[in-house]
Structures are given as structure tokens and as C-alpha cells.
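Undergrad: My file is start.csv. It has CSV, C-alpha atoms:
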```csv
chain,number,residue,atom,x,y,z
Y,43,MET,CA,0.0,0.0,0.0
Y,44,SER,CA,1.4,3.4,-1.0
Y,45,LYS,CA,2.3,6.0,1.5
Y,46,PRO,CA,0.1,8.6,-0.2
Y,47,LEU,CA,-2.9,6.2,-0.1
Y,48,ILE,CA,-2.3,5.5,3.6
Y,49,ALA,CA,-1.9,9.2,4.4
Y,50,THR,CA,-5.1,10.0,2.6
Y,51,MET,CA,-7.0,7.2,4.4
Y,52,ILE,CA,-5.9,8.6,7.7
Y,53,LEU,CA,-6.8,12.2,6.8
Y,54,THR,CA,-10.2,11.1,5.6
Y,55,LEU,CA,-10.9,9.2,8.8
Y,56,LEU,CA,-9.7,12.1,11.0
Y,57,SER,CA,-12.5,14.2,9.5
Y,58,ALA,CA,-15.1,11.6,10.5
Y,59,SER,CA,-18.3,12.9,12.0
Y,60,ILE,CA,-21.4,10.6,12.3
Y,61,LEU,CA,-21.7,6.9,11.3
Y,62,ALA,CA,-24.9,6.2,9.5
Y,63,ASP,CA,-27.5,4.6,11.8
Y,64,GLU,CA,-27.9,1.5,9.6
Y,65,LYS,CA,-24.2,0.7,10.0
Y,66,THR,CA,-24.6,-1.7,12.9
Y,67,ARG,CA,-22.5,-4.6,11.7
Y,68,GLN,CA,-18.9,-5.1,10.9
Y,69,GLN,CA,-18.0,-4.7,7.2
Y,70,VAL,CA,-14.9,-5.9,5.3
Y,71,VAL,CA,-14.1,-4.0,2.2
Y,72,LYS,CA,-11.8,-6.1,0.0
Y,73,ALA,CA,-8.9,-4.3,-1.6
Y,74,PRO,CA,-10.2,-4.7,-5.2
Y,75,GLU,CA,-13.5,-3.1,-4.2
Y,76,HIS,CA,-12.0,0.3,-3.2
Y,77,ASP,CA,-13.1,3.2,-5.3
Y,78,ILE,CA,-9.6,4.6,-6.2
Y,79,ASN,CA,-9.7,8.3,-7.2
Y,80,GLN,CA,-6.9,10.3,-8.8
Y,81,ALA,CA,-5.7,13.1,-6.6
Y,82,PRO,CA,-6.0,16.6,-8.1
Y,83,ALA,CA,-2.9,17.6,-10.0
Y,84,ASN,CA,-3.1,21.2,-8.8
Y,85,ARG,CA,-2.6,20.1,-5.2
Y,86,PHE,CA,0.0,17.3,-5.4
Y,87,SER,CA,3.5,17.4,-6.8
Y,88,GLY,CA,3.2,13.9,-8.4
Y,89,ASP,CA,1.0,10.9,-8.8
Y,90,ALA,CA,-1.3,10.1,-5.9
Y,91,HIS,CA,-4.6,8.1,-5.5
Y,92,PHE,CA,-7.1,8.0,-2.6
Y,93,SER,CA,-10.1,6.1,-1.4
Y,94,ARG,CA,-12.9,7.6,0.7
Y,95,PHE,CA,-14.4,5.3,3.4
Y,96,PRO,CA,-17.7,5.8,5.4
Y,97,THR,CA,-17.3,8.2,8.3
Y,98,MET,CA,-17.1,6.9,11.8
Y,99,SER,CA,-18.6,8.3,15.0
Y,100,SER,CA,-16.1,10.1,17.2
Y,101,PRO,CA,-16.4,12.0,20.4
Y,102,GLY,CA,-13.3,14.0,19.6
Y,103,ASP,CA,-9.7,13.1,18.8
Y,104,VAL,CA,-8.8,10.0,16.8
Y,105,VAL,CA,-5.7,7.9,17.4
Y,106,PRO,CA,-4.0,5.7,14.7
Y,107,ALA,CA,-1.7,2.8,15.6
Y,108,THR,CA,0.2,0.1,13.8
Y,109,VAL,CA,-0.2,-3.5,15.1
Y,110,THR,CA,1.7,-6.5,13.9
Y,111,PHE,CA,0.4,-10.0,14.7
Y,112,GLU,CA,2.7,-13.0,14.4
Y,113,ALA,CA,1.3,-16.0,12.6
Y,114,GLY,CA,-1.5,-17.6,14.5
Y,115,THR,CA,-1.9,-14.7,16.9
Y,116,ILE,CA,-5.4,-13.2,17.4
Y,117,THR,CA,-7.1,-10.9,19.9
Y,118,HIS,CA,-9.7,-12.0,22.4
Y,119,TRP,CA,-13.3,-11.0,21.7
Y,120,HIS,CA,-13.8,-7.3,22.3
Y,121,ILE,CA,-16.0,-4.3,21.7
Y,122,HIS,CA,-15.0,-0.7,20.7
Y,123,PRO,CA,-17.6,1.6,22.3
Y,124,HIS,CA,-17.0,4.2,19.6
Y,125,GLY,CA,-16.0,1.9,16.7
Y,126,GLN,CA,-12.7,1.3,14.8
Y,127,TYR,CA,-11.2,1.1,11.4
Y,128,LEU,CA,-8.5,-1.5,10.5
Y,129,ILE,CA,-6.4,-1.1,7.3
Y,130,VAL,CA,-4.4,-4.2,6.5
Y,131,THR,CA,-0.9,-3.1,5.2
Y,132,ASP,CA,0.9,-6.4,5.1
Y,133,GLY,CA,0.4,-10.2,5.3
Y,134,GLU,CA,-2.8,-12.1,5.8
Y,135,GLY,CA,-5.3,-12.0,8.6
Y,136,ARG,CA,-8.7,-13.0,10.0
Y,137,THR,CA,-11.6,-11.3,11.6
Y,138,GLN,CA,-15.0,-12.4,12.9
Y,139,GLU,CA,-18.1,-10.7,14.2
Y,140,TRP,CA,-20.0,-12.5,16.9
Y,141,GLY,CA,-22.4,-15.0,15.3
Y,142,LYS,CA,-20.9,-14.6,11.8
Y,143,PRO,CA,-18.4,-16.6,9.8
Y,144,ILE,CA,-14.6,-15.9,10.0
Y,145,GLN,CA,-13.4,-13.7,7.1
Y,146,THR,CA,-9.9,-13.7,5.6
Y,147,LEU,CA,-8.1,-10.4,5.3
Y,148,GLN,CA,-5.5,-9.5,2.7
Y,149,GLU,CA,-3.2,-6.5,2.2
Y,150,GLY,CA,-5.3,-3.5,1.3
Y,151,ASP,CA,-8.5,-4.8,2.9
Y,152,VAL,CA,-10.4,-2.5,5.3
Y,153,VAL,CA,-12.5,-3.6,8.3
Y,154,ILE,CA,-15.1,-1.1,9.4
Y,155,CYS,CA,-16.3,-2.0,12.9
Y,156,PRO,CA,-19.2,0.1,14.2
Y,157,PRO,CA,-19.6,0.9,17.9
Y,158,GLY,CA,-20.7,-1.9,20.2
Y,159,VAL,CA,-20.0,-4.8,17.7
Y,160,LYS,CA,-18.4,-7.8,19.4
Y,161,HIS,CA,-15.6,-9.2,17.3
Y,162,TRP,CA,-12.0,-10.3,17.1
Y,163,HIS,CA,-9.2,-10.0,14.6
Y,164,GLY,CA,-5.6,-11.1,14.1
Y,165,ALA,CA,-3.1,-13.0,11.8
Y,166,SER,CA,-3.9,-16.0,9.7
Y,167,GLU,CA,-2.8,-19.4,10.9
Y,168,HIS,CA,0.4,-19.5,8.9
Y,169,ARG,CA,1.2,-15.9,8.0
Y,170,SER,CA,1.7,-12.7,10.1
Y,171,MET,CA,-0.4,-9.6,9.6
Y,172,THR,CA,0.1,-5.9,10.1
Y,173,HIS,CA,-2.7,-3.4,10.2
Y,174,ILE,CA,-3.3,0.3,11.0
Y,175,ALA,CA,-5.9,0.6,13.7
Y,176,ILE,CA,-7.7,4.0,13.8
Y,177,SER,CA,-9.9,4.5,16.9
Y,178,PRO,CA,-11.7,7.5,18.5
Y,179,VAL,CA,-10.3,8.5,21.8
Y,180,SER,CA,-13.0,7.8,24.4
Y,181,PRO,CA,-13.6,10.6,26.9
Y,182,ASP,CA,-13.7,8.1,29.8
Y,183,GLY,CA,-10.6,6.3,28.6
Y,184,GLN,CA,-12.5,3.1,27.8
Y,185,GLY,CA,-11.6,2.8,24.1
Y,186,VAL,CA,-12.1,-1.0,24.2
Y,187,THR,CA,-14.0,-3.5,26.3
Y,188,TRP,CA,-12.1,-6.8,26.5
Y,189,LEU,CA,-14.1,-10.0,26.7
Y,190,GLU,CA,-13.5,-13.8,26.7
Y,191,GLU,CA,-10.8,-15.7,24.8
Y,192,VAL,CA,-11.8,-16.9,21.3
Y,193,GLU,CA,-12.4,-20.6,20.8
Y,194,LEU,CA,-11.6,-21.3,17.2
Y,195,PRO,CA,-13.5,-24.2,15.7
Y,196,GLU,CA,-11.6,-27.3,14.9
Y,197,SER,CA,-11.9,-29.2,11.7
Y,198,LYS,CA,-13.7,-32.5,12.0
Y,199,SER,CA,-10.7,-34.2,10.4
Y,200,THR,CA,-8.2,-32.5,12.8
Y,201,THR,CA,-6.4,-34.7,15.2
Y,202,PRO,CA,-3.4,-33.9,17.5
Y,203,ASP,CA,-1.2,-35.7,14.9
Y,204,GLN,CA,-2.9,-34.3,11.8
Y,205,PRO,CA,-3.3,-30.5,11.7
Y,206,GLU,CA,-6.1,-28.9,9.8
Y,207,ALA,CA,-5.5,-28.6,6.1
Y,208,PRO,CA,-5.3,-25.0,4.8
Y,209,THR,CA,-8.0,-23.9,2.5
Y,210,PRO,CA,-6.9,-24.1,-1.2
Y,211,VAL,CA,-6.4,-20.8,-2.9
Y,212,THR,CA,-8.4,-19.5,-5.9
Y,213,LEU,CA,-6.1,-17.9,-8.3
Y,214,THR,CA,-7.1,-14.4,-9.5
Y,215,GLU,CA,-6.7,-13.0,-13.0
Y,216,LYS,CA,-4.1,-10.6,-11.4
Y,217,GLN,CA,-2.0,-13.6,-10.3
Y,218,LEU,CA,-2.4,-15.5,-13.6
Y,219,SER,CA,-1.4,-12.5,-15.6
Y,220,LEU,CA,2.2,-12.9,-14.2
Y,221,ILE,CA,2.6,-16.1,-16.2
Y,222,PRO,CA,2.6,-14.7,-19.8
Y,223,ILE,CA,4.6,-11.7,-18.6
Y,224,ALA,CA,7.3,-14.0,-17.3
Y,225,ALA,CA,7.1,-16.3,-20.3
Y,226,PHE,CA,7.5,-13.7,-23.0
Y,227,SER,CA,10.3,-11.9,-21.0
Y,228,ALA,CA,12.1,-15.2,-20.6
Y,229,VAL,CA,12.3,-15.8,-24.4
Y,230,GLY,CA,12.9,-12.1,-25.3
Y,231,ASP,CA,9.6,-11.7,-27.2
Y,232,THR,CA,9.1,-8.0,-26.5
Y,233,GLU,CA,6.3,-7.7,-29.1
Y,234,LYS,CA,4.1,-10.1,-27.1
Y,235,LEU,CA,5.4,-8.9,-23.8
Y,236,LYS,CA,4.0,-5.4,-24.1
Y,237,PRO,CA,0.3,-6.5,-24.4
Y,238,ALA,CA,0.9,-9.0,-21.6
Y,239,LEU,CA,2.1,-6.2,-19.5
Y,240,VAL,CA,-0.9,-4.1,-20.3
Y,241,GLN,CA,-3.2,-7.0,-19.4
Y,242,GLY,CA,-1.3,-7.4,-16.1
Y,243,LEU,CA,-1.8,-3.7,-15.2
Y,244,GLU,CA,-5.4,-3.8,-16.2
Y,245,SER,CA,-5.8,-7.0,-14.0
Y,246,GLY,CA,-4.6,-5.1,-11.0
Y,247,LEU,CA,-0.8,-5.6,-10.9
Y,248,THR,CA,1.0,-2.6,-9.6
Y,249,VAL,CA,4.1,-1.1,-11.2
Y,250,ASN,CA,6.3,-2.3,-8.3
Y,251,GLU,CA,4.8,-5.8,-8.4
Y,252,ILE,CA,5.8,-6.2,-12.1
Y,253,LYS,CA,9.2,-4.7,-11.4
Y,254,GLU,CA,9.7,-7.2,-8.6
Y,255,ALA,CA,8.6,-10.0,-11.0
Y,256,PHE,CA,11.5,-9.1,-13.3
Y,257,ALA,CA,13.9,-8.8,-10.4
Y,258,HIS,CA,12.9,-12.3,-9.3
Y,259,GLN,CA,13.1,-13.7,-12.8
Y,260,TYR,CA,16.7,-12.9,-13.4
Y,261,ALA,CA,17.6,-15.8,-11.0
Y,262,TYR,CA,16.0,-18.2,-13.5
Y,263,ALA,CA,16.3,-16.5,-17.0
Y,264,GLY,CA,19.5,-14.4,-16.4
Y,265,PHE,CA,20.1,-10.7,-16.3
Y,266,PRO,CA,19.9,-10.1,-20.1
Y,267,ARG,CA,16.3,-11.4,-20.4
Y,268,ALA,CA,15.1,-9.8,-17.1
Y,269,LEU,CA,16.7,-6.5,-17.9
Y,270,THR,CA,15.2,-6.5,-21.4
Y,271,GLY,CA,11.8,-7.2,-19.8
Y,272,MET,CA,12.3,-4.4,-17.3
Y,273,LEU,CA,13.3,-1.9,-20.0
Y,274,THR,CA,10.4,-2.9,-22.1
Y,275,PHE,CA,8.1,-2.2,-19.1
Y,276,ARG,CA,9.7,1.2,-18.5
Y,277,SER,CA,9.1,2.2,-22.1
Y,278,LEU,CA,5.5,1.0,-21.9
Y,279,LEU,CA,4.9,3.1,-18.7
Y,280,GLU,CA,6.3,6.2,-20.4
Y,281,GLU,CA,4.0,5.6,-23.4
Y,282,ARG,CA,1.0,5.2,-21.1
Y,283,ARG,CA,2.0,8.3,-19.1
Y,284,GLU,CA,2.2,10.4,-22.3
Y,285,ASN,CA,-1.4,9.1,-23.1
Y,286,GLY,CA,-2.6,10.3,-19.8
Y,287,ILE,CA,-2.6,6.9,-18.1
Y,288,GLU,CA,-1.2,6.9,-14.6
Y,289,ASP,CA,-0.6,3.4,-13.3
Y,290,VAL,CA,-0.7,2.6,-9.6
Y,291,GLN,CA,2.9,2.3,-8.2
Y,292,GLY,CA,2.1,-0.1,-5.3
Y,293,LYS,CA,4.2,-0.6,-2.2
Y,294,GLU,CA,7.9,-0.9,-1.9
Y,295,PRO,CA,9.3,-4.0,-0.1
Y,296,SER,CA,10.1,-3.8,3.6
Y,297,GLN,CA,13.8,-3.7,4.4
Y,298,LEU,CA,15.3,-6.3,6.8
Y,299,PRO,CA,18.1,-5.3,9.2
Y,300,ASP,CA,21.7,-5.3,7.9
Y,301,SER,CA,22.4,-8.1,10.3
Y,302,THR,CA,20.0,-10.5,8.7
Y,303,ASP,CA,21.5,-14.0,8.0
Y,304,TYR,CA,20.1,-14.5,4.5
Y,305,TYR,CA,21.5,-18.0,4.2
Y,306,GLN,CA,19.6,-19.1,7.3
Y,307,LEU,CA,16.5,-17.3,6.1
Y,308,GLY,CA,16.8,-19.0,2.7
Y,309,SER,CA,17.0,-22.4,4.5
Y,310,GLU,CA,13.9,-21.5,6.4
Y,311,THR,CA,12.1,-20.5,3.2
Y,312,LEU,CA,13.1,-23.8,1.6
Y,313,GLU,CA,11.8,-25.7,4.6
Y,314,TYR,CA,8.4,-23.9,4.1
Y,315,LEU,CA,8.2,-24.2,0.3
Y,316,THR,CA,9.3,-27.8,0.0
Y,317,ASP,CA,7.8,-29.4,3.1
Y,318,ARG,CA,11.2,-30.5,4.2
Y,319,THR,CA,12.5,-30.6,7.8
Y,320,MET,CA,14.8,-27.8,8.8
Y,321,GLU,CA,17.7,-30.3,9.0
Y,322,GLU,CA,17.1,-31.3,5.4
Y,323,ALA,CA,16.7,-27.8,4.2
Y,324,SER,CA,19.9,-26.7,5.9
Y,325,GLN,CA,22.0,-29.3,4.0
Y,326,PRO,CA,24.1,-28.0,1.0
Y,327,LEU,CA,22.0,-28.4,-2.1
Y,328,PHE,CA,24.9,-29.9,-4.0
Y,329,GLY,CA,26.8,-31.5,-1.1
Y,330,ASN,CA,30.4,-30.1,-1.3
Y,331,PHE,CA,30.3,-30.0,-5.1
Y,332,SER,CA,29.5,-26.3,-5.4
Y,333,PRO,CA,29.4,-24.2,-2.2
Y,334,THR,CA,29.1,-21.1,-4.4
Y,335,MET,CA,26.0,-22.2,-6.1
Y,336,ASP,CA,24.5,-23.4,-2.8
Y,337,HIS,CA,25.1,-20.0,-1.2
Y,338,ALA,CA,23.7,-18.1,-4.2
Y,339,LEU,CA,20.5,-20.1,-4.2
Y,340,LYS,CA,19.9,-20.1,-0.4
Y,341,ALA,CA,21.3,-16.7,0.6
Y,342,HIS,CA,20.3,-14.6,-2.4
Y,343,LEU,CA,17.4,-16.3,-4.1
Y,344,PHE,CA,15.5,-18.0,-1.3
Y,345,GLY,CA,16.8,-15.7,1.3
Y,346,TYR,CA,17.1,-12.1,0.0
Y,347,LEU,CA,14.6,-12.2,-3.0
Y,348,PHE,CA,11.9,-14.1,-1.1
Y,349,SER,CA,12.2,-11.7,1.8
Y,350,ARG,CA,11.1,-8.8,-0.4
Y,351,ASN,CA,7.5,-8.7,0.6
Y,352,ASN,CA,5.8,-6.7,-2.1
Y,353,LEU,CA,5.4,-9.9,-4.1
Y,354,GLY,CA,4.1,-13.0,-2.4
Y,355,TYR,CA,5.6,-16.6,-2.5
Y,356,LEU,CA,2.8,-17.9,-4.8
Y,357,GLU,CA,3.2,-14.9,-7.2
Y,358,ARG,CA,7.0,-15.6,-7.3
Y,359,GLU,CA,6.4,-19.2,-8.1
Y,360,LEU,CA,3.9,-18.3,-10.9
Y,361,VAL,CA,6.7,-16.1,-12.4
Y,362,VAL,CA,9.1,-19.0,-12.2
Y,363,VAL,CA,6.6,-21.5,-13.7
Y,364,GLY,CA,6.0,-19.1,-16.6
Y,365,THR,CA,9.7,-18.6,-17.1
Y,366,LEU,CA,10.8,-22.2,-17.0
Y,367,SER,CA,7.8,-23.3,-19.1
Y,368,ALA,CA,8.8,-20.9,-21.9
Y,369,ILE,CA,12.5,-21.6,-21.8
Y,370,GLY,CA,12.0,-25.3,-22.3
Y,371,ASP,CA,14.5,-28.1,-21.8
Y,372,VAL,CA,14.5,-27.5,-18.0
Y,373,ASN,CA,11.9,-30.0,-16.9
Y,374,PRO,CA,13.7,-31.1,-13.7
Y,375,GLN,CA,13.5,-27.5,-12.4
Y,376,LEU,CA,10.0,-27.1,-13.8
Y,377,HIS,CA,9.1,-30.2,-11.9
Y,378,SER,CA,10.4,-28.7,-8.6
Y,379,HIS,CA,8.6,-25.4,-9.0
Y,380,LEU,CA,5.3,-27.0,-10.0
Y,381,THR,CA,5.6,-29.1,-6.9
Y,382,ILE,CA,6.3,-26.0,-4.8
Y,383,THR,CA,3.2,-24.3,-6.4
Y,384,GLN,CA,1.1,-27.2,-5.3
Y,385,ASN,CA,2.7,-27.0,-1.8
Y,386,LEU,CA,1.4,-23.4,-1.6
Y,387,VAL,CA,-2.2,-24.9,-1.5
Y,388,VAL,CA,-2.9,-24.7,-5.2
Y,389,ASP,CA,-5.2,-27.7,-5.9
Y,390,PRO,CA,-5.5,-29.6,-9.2
Y,391,GLU,CA,-8.4,-27.4,-10.4
Y,392,GLN,CA,-6.3,-24.3,-10.0
Y,393,MET,CA,-3.2,-26.0,-11.4
Y,394,GLU,CA,-5.2,-26.6,-14.5
Y,395,ARG,CA,-6.0,-22.9,-14.7
Y,396,ILE,CA,-2.2,-22.3,-14.8
Y,397,MET,CA,-1.9,-24.8,-17.7
Y,398,ALA,CA,-4.8,-23.2,-19.5
Y,399,THR,CA,-3.2,-19.8,-19.1
Y,400,LEU,CA,0.0,-21.1,-20.6
Y,401,GLU,CA,-1.9,-22.7,-23.5
Y,402,LYS,CA,-4.1,-19.6,-24.2
Y,403,ASN,CA,-1.5,-16.9,-23.8
Y,404,VAL,CA,1.9,-18.5,-24.5
Y,405,GLY,CA,1.4,-21.5,-26.7
Y,406,LYS,CA,0.1,-25.1,-27.0
Y,407,ASN,CA,3.5,-26.7,-27.2
Y,408,VAL,CA,4.6,-24.9,-24.0
Y,409,ALA,CA,1.5,-26.0,-22.2
Y,410,ARG,CA,1.7,-29.5,-23.5
Y,411,ASN,CA,5.2,-29.9,-22.0
Y,412,ALA,CA,4.2,-28.3,-18.7
Y,413,ARG,CA,1.1,-30.6,-18.5
Y,414,GLY,CA,3.3,-33.6,-19.0
Y,415,VAL,CA,5.6,-32.6,-16.1
Y,416,LEU,CA,2.5,-31.9,-13.9
Y,417,ARG,CA,1.1,-35.4,-14.7
Y,418,ASP,CA,4.4,-36.9,-13.5
Y,419,ILE,CA,4.0,-35.0,-10.2
Y,420,GLN,CA,0.3,-35.9,-9.7
Y,421,SER,CA,0.7,-39.6,-10.6
Y,422,PRO,CA,0.6,-41.9,-7.6
```
Can you give me the file's structure in the form of C-alpha cells?
TA:
Amino acid sequence: MSKPLIATMILTLLSASILADEKTRQQVVKAPEHDINQAPANRFSGDAHFSRFPTMSSPGDVVPATVTFEAGTITHWHIHPHGQYLIVTDGEGRTQEWGKPIQTLQEGDVVICPPGVKHWHGASEHRSMTHIAISPVSPDGQGVTWLEEVELPESKSTTPDQPEAPTPVTLTEKQLSLIPIAAFSAVGDTEKLKPALVQGLESGLTVNEIKEAFAHQYAYAGFPRALTGMLTFRSLLEERRENGIEDVQGKEPSQLPDSTDYYQLGSETLEYLTDRTMEEASQPLFGNFSPTMDHALKAHLFGYLFSRNNLGYLERELVVVGTLSAIGDVNPQLHSHLTITQNLVVDPEQMERIMATLEKNVGKNVARNARGVLRDIQSP
């Protein structure tokens, strides 16, 4: 989420007056549903966009705060006497109003909680979540009433030795649009890359997400192809700007401390992506044959690149699948990354959507080969 957008959200909320009487239940506004407006050029020095949300009741001052929940952490049930706004800025979360189903929260989603509504919120089971909380300052100092601990329902199939299976993802057109972008960049087909980039932008990809896709791709297709893709993208953005089209920049990645051990972080990422044990993931990938390659893959690729959180793990794997499928003759690596994609809770139906995207947008031969590799993975 861009800083101008967050700033405008806060300014809008600070001017809140009266919440409409009918707003008596918690609302979740998903990121794609925001009405994004162009900021007036005569009042801003550059590109800025804003979204206006419903006003909230306030007895006076309003206080914003940033809260980060580690994976699995949630609040107890509670009530805000004067209501609250939550703006998810990173990760994945959950919220629930009393008596209603649990809802999943993604970056950019907004939770509007009216006064007196009993609810809870926090991180998802396997991912952390950060949100901005904006609450009116209560004159009596009671900005929140804390209640009992949340008892999350257990899956009927859950046992102490068999944790609940995560819900399979449903791939969006935004995510799928990364595949042809990566494929055409990987083979240097700039004529087909440009319309693929336009489709990606129109599907909701931000400028920084596409730039990050090229940065991730260089580890698989090499700098020459990734740089050509990046330069093609830059040229396209200049053309669109000249035609009056201002594309959403999107958020920059968070910066980890200089002391970060990226090799260790890469091993942890591999453990997560490949379902290995930490002991297995920490072993040199090539034994003692090539320590240099082992370090490059773990410290730089799975450590540094995967730590850049403006493009998710699944999106990065879709970039890699598109890249390797288009390059061809790298089926062992394609096998590994299709397996990782499945490990990221992409079920057979959604894997077929990936294959269909390859066939429709990249080519039947490319898709035929990828399907053959996928069949080998899915065969018992």
C-alpha cells in the first residue's frame, strides 16, 4: 500500500463525524473493491490516489496505531464503544463478528467496525499480519472492552497428529497475468510482452509488483532477459503516461536489518516451500560439489529475494513457472517449481488454470510440455 494512499486514508478518517444509523454490523471492504480516485494535480507534486471510506462516529480526537500479529496470533473477543477502522498493510489476517463466519483479510482490505459490535481479529494461521488501527479517543478512557478468549472451531478431520489442512487458494486474474509476462520476457519476445504487461496492469498488478517479478526472474532466466523485460516495461509506462494513463505504483518492499542472516533465512524459506525438515533444508543443495551455487541459491534467491514482501511466495512461483515453461528443456527445475506451487495450497483445479493460461496466452507446445511434467507429479 502506497504512503500517499495510507496518508489520505488517515486524513479522511480524521475528518469523520457521524456513522450512519444503519451501519450496525462489521464490514470488510476487500482491496479490489476500493473506489480509487486520482488526486487533483493542482494540489499534489506527483502521482497520488485516494479512497474515501464511510465516516465513523467520534467523540473528539482519533488515534491511529500500527499493530503486527505473528502467525496464529489473534485478539480476544472485544468491543469498541466508539468503533474502529482497521487497514491491512501487510500479510494475511482473519476477523469475525459474533455469530458470523470468519473472514480472511489480505493486504489493502479494510475492516469497518461500528460501535458496540463484538468481534476479534488477528493473523492467519500460517502468516503474520500488520494493520493500521484507527480508533476514536474515548472521553472516559475506555476505548475497548475486552471479553473472553476466542475458541476457534476445529476441523472434524483435525487430530493432534494431523493438523487442519489449509484452504486451497483460488487464483485471481491478477496472479495468472504474471505467467505470460514471465514467459515472453524469458524468451525475449518483447512484441508479445507489451500487451501481456498491459493485461497485467489492467488486471490489478501494480508497477512495483511487475518490477519485482522481473527482479525475481533474473535468477532463472538471467540478467539479459530480465533487464530487457524491465526496460520494455519502463518504455511502456512512459508511453502510457504520455497518453494520460497513470498506473498505480504499489508498495515498496520492507527492508530487513543489515544483520539478517540470509543464508539461514533461505534455508527456512526452503523448509516452508518444499515441506522438508529444517535439518534437510539446511544441508548444502549440491553437497560439497559447489558451495558457491548453494550460497547463491539459499542466501540470495530463497533468502534475499523471497524476503522482499511486495510480491508473495505464490506470485513468485507463478513467475518461475511461466519462465521455465517458456524456456523449455529445464523439466527437472519445472518439476520442482510446479511441486512448490502445489505445496502453496494450489489444488488440481487451480493447477489446470495455470496450464490453461499457458496454452491460451503462451502456446500449445509450451502448455503440453508443462502438463506432462505436472502429470508426473500428480501420478501416484
Undergrad: Which residues come within 12 Å of Y:Val372, counting only C-alpha atoms, excluding same-chain residues fewer than 5 positions away, as number ranges by chain?
TA: Y: 262-263, 362-363, 365-367, 377-379, 408, 411-412, 415
Undergrad: Choose the residue, out of Y:Arg410, Y:His342, Y:Arg358, Y:His118, that has the smallest atom-to-atom separation from Y:Trp188; count all atoms listed in the file.
TA: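 Under the stated criterion, the closest residue is Y:His118.
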Undergrad: Name the residues in contact with Y:Gln126 at a cut-off of 6 Å, using only C-alpha atoms, excluding same-chain residues fewer than 5 positions from it; report them as a ChimeraX atom specification.
TA: /Y:155,176-177
Undergrad: Once you have the residues from the selection above, write them out as a PDB file, in the coordinates of the input, restricted to C-alpha atoms.
TA:
```
ATOM      1  CA  CYS Y 155     -16.300  -2.000  12.900  1.00  0.00           C
ATOM      2  CA  ILE Y 176      -7.700   4.000  13.800  1.00  0.00           C
ATOM      3  CA  SER Y 177      -9.900   4.500  16.900  1.00  0.00           C
TER       4      SER Y 177
END
```
Undergrad: What's the 6 Å shell around stretch 221-225 of chain Y, counting all atoms listed in the file, without same-chain residues fewer than 2 positions away, as an NGL selection string?
TA: :Y and (218-219 or 227-228 or 235 or 238 or 360-361 or 364-365 or 368)
Undergrad: Separation of atom CA of Y:Pro178 and atom CA of Y:Gly292, in Å?
TA: 28.5 Å
Undergrad: Counting only C-alpha atoms, what is within 7 Å of stretch 241-248 of chain Y, bar same-chain residues fewer than 6 positions away, as number ranges by chain?
TA: Y: 215-216, 219-220, 290-292
Undergrad: Provide the atom CA of Y:Trp162 to atom CA of Y:Ile116 distance in Å, to one decimal place.
TA: 7.2 Å
Undergrad: List as a count of residues only: which residues have an atom within 8 Å of (-8.3, -12.9, 3.4), counting only C-alpha atoms?
TA: 7
Undergrad: Could you tell me how far atom CA of Y:Leu347 sits from atom CA of Y:His258, in Å to one decimal place?
TA: 6.5 Å
Undergrad: Nearest to Y:Phe348 among Y:Met397, Y:Ala409, Y:Val229, Y:Leu298, with distances taken over all atoms listed in the file: which residue is it?
TA: Y:Leu298
Undergrad: Fewer than 4 positions away in the same chain doesn't count, so skip those; otherwise give me all residues within 10 Å of Y:Leu279, counting all atoms listed in the file, as a PyMOL selection string.
TA: chain Y and resi 239-240+249+273-275+283-285+287-289
Undergrad: Export, as a compact mmCIF listing (two decimals), in the frame of the given file, the selected residues with C-alpha atoms.
TA:
```
# COMPACT_ATOMS: atom_id res chain seq x y z
CA LEU Y 239 2.10 -6.20 -19.50
CA VAL Y 240 -0.90 -4.10 -20.30
CA VAL Y 249 4.10 -1.10 -11.20
CA LEU Y 273 13.30 -1.90 -20.00
CA THR Y 274 10.40 -2.90 -22.10
CA PHE Y 275 8.10 -2.20 -19.10
CA ARG Y 283 2.00 8.30 -19.10
CA GLU Y 284 2.20 10.40 -22.30
CA ASN Y 285 -1.40 9.10 -23.10
CA ILE Y 287 -2.60 6.90 -18.10
CA GLU Y 288 -1.20 6.90 -14.60
CA ASP Y 289 -0.60 3.40 -13.30
```
Undergrad: For each of Y:Gly125, Y:Gly329, Y:Pro237, Y:Gly133, take the minimum atom-to-atom distance to Y:Glu167, counting all atoms listed in the file, then give the residue where this is smallest.
TA: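 Checking each of Y:Gly125, Y:Gly329, Y:Pro237, Y:Gly133 against Y:Glu167, counting all atoms listed in the file, the winner is Y:Gly133.
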Undergrad: Rank Y:Leu343, Y:Ala338, Y:Leu416, Y:Leu400 by their smallest atom-to-atom distance to Y:Pro374, using only C-alpha atoms, and report the top residue only.
TA: Y:Leu416
Undergrad: Using only C-alpha atoms, can you tell me which of Y:Leu278, Y:Ile419, Y:Ile144, Y:Leu339 comes closest to Y:Tyr304?
TA: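 Smallest distance to Y:Tyr304 is found for Y:Leu339.
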Undergrad: Measuring atom to atom with only C-alpha atoms, identify which of Y:Arg267, Y:Thr187, Y:Asn403, Y:Ala261 is nearest to Y:Phe344.
TA: Y:Ala261
Undergrad: Is there a way to get, as a PyMOL selection string, all residues within 8 Å of the point (-9.2, -16.1, 25.3) in file coordinates, counting only C-alpha atoms?
TA: chain Y and resi 117-119+189-193
Undergrad: Would you output that residue set with C-alpha atoms, as an mmCIF file, in the frame of the given file?
TA:
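So out-v8.cif came out as:
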```cif
data_model
loop_
_atom_site.group_PDB
_atom_site.id
_atom_site.type_symbol
_atom_site.label_atom_id
_atom_site.label_comp_id
_atom_site.auth_asym_id
_atom_site.auth_seq_id
_atom_site.Cartn_x
_atom_site.Cartn_y
_atom_site.Cartn_z
ATOM 1 C CA THR Y 117 -7.100 -10.900 19.900
ATOM 2 C CA HIS Y 118 -9.700 -12.000 22.400
ATOM 3 C CA TRP Y 119 -13.300 -11.000 21.700
ATOM 4 C CA LEU Y 189 -14.100 -10.000 26.700
ATOM 5 C CA GLU Y 190 -13.500 -13.800 26.700
ATOM 6 C CA GLU Y 191 -10.800 -15.700 24.800
ATOM 7 C CA VAL Y 192 -11.800 -16.900 21.300
ATOM 8 C CA GLU Y 193 -12.400 -20.600 20.800
#
```
